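Engineer: First, the structure itself, so that you have it in front of you.
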Amino acid sequence: MFEQSFKNIDDVLWKEAGCTTELDYTEQTSWLLFLKYLDDLEVERALEAQLTGKSYSFILDEAHRWSSWAAPKKDDGELDEDRMLVGDDLIEYVDGELFPYLQGFKGRAESSKTIEYKIGEIFSEIKNRFQSGYSLRDALEYVDELSFGSQEQKHELSELYEAKIKKMGNAGRNGGEYYTPRPLIRAMIEVVQPQVGEQIYDGACGSAGFLCEAYRFLRWGFDGAERKLTTKQLQQLQTDTFVGKEKKSLAYVIAIMNMILHGIDAPNIIHTNTLTENIADIQEKDRFDVILANPPFGGKERKQLQEGFPIKTGETAFLFLQHFIKSLKQGGRAAVVIKNTFLSNSDNASRALRQELLSSCNLYTVLDCPSGTFQGAGVKTVVLFFEKGKKTEKIWYYQLDPGRSLGKTSALNDADLAEFIESQASVAESEKSWILNISELDRETFDLSAKNPNLPEAEPLREPLEIMKEIAVLDQESSNILTLIKELI
């Protein structure tokens, strides 16, 4: 329904001098989509109010609504070219009037959880990159073809937007930090099994993939069968279930737009650096039932920031893991992606963090992911599944082997993870899975390396002299065959 419109928008952006990467394309598409969504939402709310005899106060004043500047229409529904801004006039209006007006909502909003605050925050963090008012006019007309009226339309738009995020994640530079493979996210959710009424948190939410998939799981299930939820439960999903934090401006904007397209009207995404929080200040009211996350790894945090953590380390992912352990309620569950070297690093911080995890949580499952799970990332990863409140006694490991090399043309899919999900439920041992008893763990190193003891023994390597003798025999056989052929000629 809307796929061609998305392609047309990309074509316009590709020709626009101010947009040079997939990151730029996604950023510019996002603010245009957001304003079209907001206009559709306001029109829908105004109509509902009219039908019930109530009044409705528009969030945006009339002069700054989509229908006034982006797509003014005649009575017959056709675009009114006499009222349309084009060229330099359009760029001057967007940069000099529209964006400053929208930015002002941040200071006027009653709460950071309101859509008014999100409007102000979004337009304070991004800028219009269109340099040509004619290109922008073309993009506006393609975006105006989109509609957010029905659940079916929102679903299609969310799928198209997810595809755009995936392309951005595969585009190199730092795009990969925005995209975690959705099959992996779904498998993590299937194991953790969040429930309606629980709060779900991602302190490094990127494009909000974990939160969007968790909403889909709670609302419809991954089998597509809509769950029967009460009005109260539906409201709970909208306002009091999902919490995300994101440091980077572009990711913050994408996360909000992604959640809106998935059905959350005013996403509770907070624009902040999670690691600046002193974890000693985290109280019970700040804790969550479920944590799902793929924190950035490889970064180096300054020493001043590390002071807020009991285990000092410059590794970003290790600081996030401390934050997540502290942020879980007693009995809360978490699934966190981390570099596989976390399991075996011999430095003091890694050993101390493994010891802390094992003593304060039940690390019940480790999923060992193959190379290529994350496109463009040169490191192997594991997923840690743990529950807060009791210490670890044994860990079930699963070595994921899709039977092929993973890459851009052969990405991870849901079928690859089906056996893991099924086996995890019964913690069955096999050639791919095994159990580590913590009583057997080396207390000096706390080494949790994913070393599969159940793999079939490989054939022993042959001695070099034996191989050379075989080569000599084969050479002699080849020589004899050639001699026979010459005699026949």
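Identifiers in the structure tokens: chain A, B, ... in order shown; residue index from 1 per chain; ligand index from 1 in order shown.
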Near Gly244 (chain A), within 7 Å and counting only C-alpha atoms, which residues show up once chain neighbours fewer than 5 positions away are dropped, as a VMD selection string?

Structural biologist: chain A and resid 201 to 203 205 268 to 270

Engineer: Neighbouring residues of region 61-66 of chain A were defined as those with any atom within 10 Å, considering only C-alpha atoms; residues of the same chain fewer than 3 positions away were excluded. Please report them as a CSV table (one decimal) with C-alpha atoms, in the first residue's frame.

Structural biologist:
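Result file part-v2.csv:
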```csv
chain,number,residue,atom,x,y,z
A,32,LEU,CA,8.3,14.3,8.2
A,35,LEU,CA,4.4,15.6,11.7
A,36,LYS,CA,2.1,13.7,9.3
A,37,TYR,CA,1.3,11.2,12.1
A,38,LEU,CA,0.5,14.1,14.5
A,39,ASP,CA,-1.8,15.7,12.1
A,40,ASP,CA,-3.7,12.4,11.5
A,42,GLU,CA,-5.3,15.4,15.9
A,57,SER,CA,-8.0,21.6,21.7
A,58,PHE,CA,-5.5,21.1,19.0
A,69,TRP,CA,1.8,24.4,5.3
A,70,ALA,CA,2.8,20.9,4.1
A,71,ALA,CA,-0.3,19.9,2.2
A,72,PRO,CA,-3.0,22.6,2.0
A,94,VAL,CA,10.7,25.4,8.0
A,97,GLU,CA,9.4,29.6,11.8
A,98,LEU,CA,8.2,25.9,12.0
A,99,PHE,CA,11.2,24.4,13.8
A,101,TYR,CA,7.7,27.0,17.1
A,102,LEU,CA,7.9,23.2,17.6
A,140,LEU,CA,6.1,16.4,1.6
A,144,ASP,CA,1.1,13.1,2.5
```

Engineer: As an MDAnalysis selection string, please: the residues near region 179-193 of chain A (cut-off 9 Å, only C-alpha atoms, same-chain neighbours under 2 positions excluded).

Structural biologist: chainID A and resid 165:166 168:170 175:177 195 206:210 213:214 217 222 290 292:294 333:336 373:375 383 385:386 411:418 420:421 424:425

Engineer: Counting only C-alpha atoms, which residue out of A:Glu141, A:Glu78, A:Glu162, A:Asp281 sits closest to Ser30 (chain A)?

Structural biologist: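 Using only C-alpha atoms, the shortest distance to Ser30 (chain A) belongs to A:Glu162.
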
Engineer: Need to verify the contact set: region 301-307 of chain A, 9 Å, only C-alpha atoms, exclusion of same-chain residues closer than 3 positions in sequence. Can you return it as a PyMOL selection string?

Structural biologist: chain A and resi 275-278+310-316+319

Engineer: Please, could you write that set of residues out with N, CA and C atoms as a PDB file, in the first residue's frame?

Structural biologist:
```
ATOM      1  N   LEU A 275      24.508   6.283  31.860  1.00  0.00           N
ATOM      2  CA  LEU A 275      25.694   6.008  32.674  1.00  0.00           C
ATOM      3  C   LEU A 275      26.111   7.179  33.560  1.00  0.00           C
ATOM      4  N   THR A 276      25.482   8.331  33.383  1.00  0.00           N
ATOM      5  CA  THR A 276      25.798   9.453  34.285  1.00  0.00           C
ATOM      6  C   THR A 276      25.088   9.306  35.625  1.00  0.00           C
ATOM      7  N   GLU A 277      24.150   8.339  35.708  1.00  0.00           N
ATOM      8  CA  GLU A 277      23.425   8.119  36.959  1.00  0.00           C
ATOM      9  C   GLU A 277      24.287   7.308  37.926  1.00  0.00           C
ATOM     10  N   ASN A 278      24.338   7.730  39.176  1.00  0.00           N
ATOM     11  CA  ASN A 278      25.042   6.974  40.212  1.00  0.00           C
ATOM     12  C   ASN A 278      24.146   5.809  40.626  1.00  0.00           C
ATOM     13  N   PRO A 310      30.407   0.689  41.483  1.00  0.00           N
ATOM     14  CA  PRO A 310      31.295   0.011  42.435  1.00  0.00           C
ATOM     15  C   PRO A 310      32.461  -0.697  41.754  1.00  0.00           C
ATOM     16  N   ILE A 311      32.237  -1.231  40.537  1.00  0.00           N
ATOM     17  CA  ILE A 311      33.312  -1.891  39.797  1.00  0.00           C
ATOM     18  C   ILE A 311      33.769  -0.928  38.712  1.00  0.00           C
ATOM     19  N   LYS A 312      34.957  -0.394  38.860  1.00  0.00           N
ATOM     20  CA  LYS A 312      35.473   0.638  37.949  1.00  0.00           C
ATOM     21  C   LYS A 312      35.996  -0.011  36.672  1.00  0.00           C
ATOM     22  N   THR A 313      35.509   0.472  35.545  1.00  0.00           N
ATOM     23  CA  THR A 313      35.950  -0.022  34.249  1.00  0.00           C
ATOM     24  C   THR A 313      35.608   1.018  33.193  1.00  0.00           C
ATOM     25  N   GLY A 314      36.411   1.089  32.158  1.00  0.00           N
ATOM     26  CA  GLY A 314      36.124   2.006  31.062  1.00  0.00           C
ATOM     27  C   GLY A 314      35.236   1.389  30.010  1.00  0.00           C
ATOM     28  N   GLU A 315      35.004   0.079  30.078  1.00  0.00           N
ATOM     29  CA  GLU A 315      34.182  -0.626  29.093  1.00  0.00           C
ATOM     30  C   GLU A 315      32.709  -0.292  29.300  1.00  0.00           C
ATOM     31  N   THR A 316      32.133   0.354  28.303  1.00  0.00           N
ATOM     32  CA  THR A 316      30.752   0.821  28.386  1.00  0.00           C
ATOM     33  C   THR A 316      29.772  -0.288  28.740  1.00  0.00           C
ATOM     34  N   LEU A 319      29.702  -1.286  32.396  1.00  0.00           N
ATOM     35  CA  LEU A 319      29.015  -0.311  33.245  1.00  0.00           C
ATOM     36  C   LEU A 319      27.495  -0.493  33.115  1.00  0.00           C
TER      37      LEU A 319
END
```

Engineer: Where in region 119-217 of chain A does DSSP assign alpha helix (DSSP H), given as a PyMOL selection string?

Structural biologist: chain A and resi 119-125+133-144+151-169+182-192+209-217

Engineer: List the neighbours of Gly331 (chain A) out to 8 Å using only C-alpha atoms; skip same-chain residues closer than 5 positions along the sequence, and give me the result as a PyMOL selection string.

Structural biologist: chain A and resi 289+387-389

Engineer: So what do you get for CA of Gln355 (chain A) versus CA of Thr341 (chain A), distance-wise?

Structural biologist: 15.0 Å
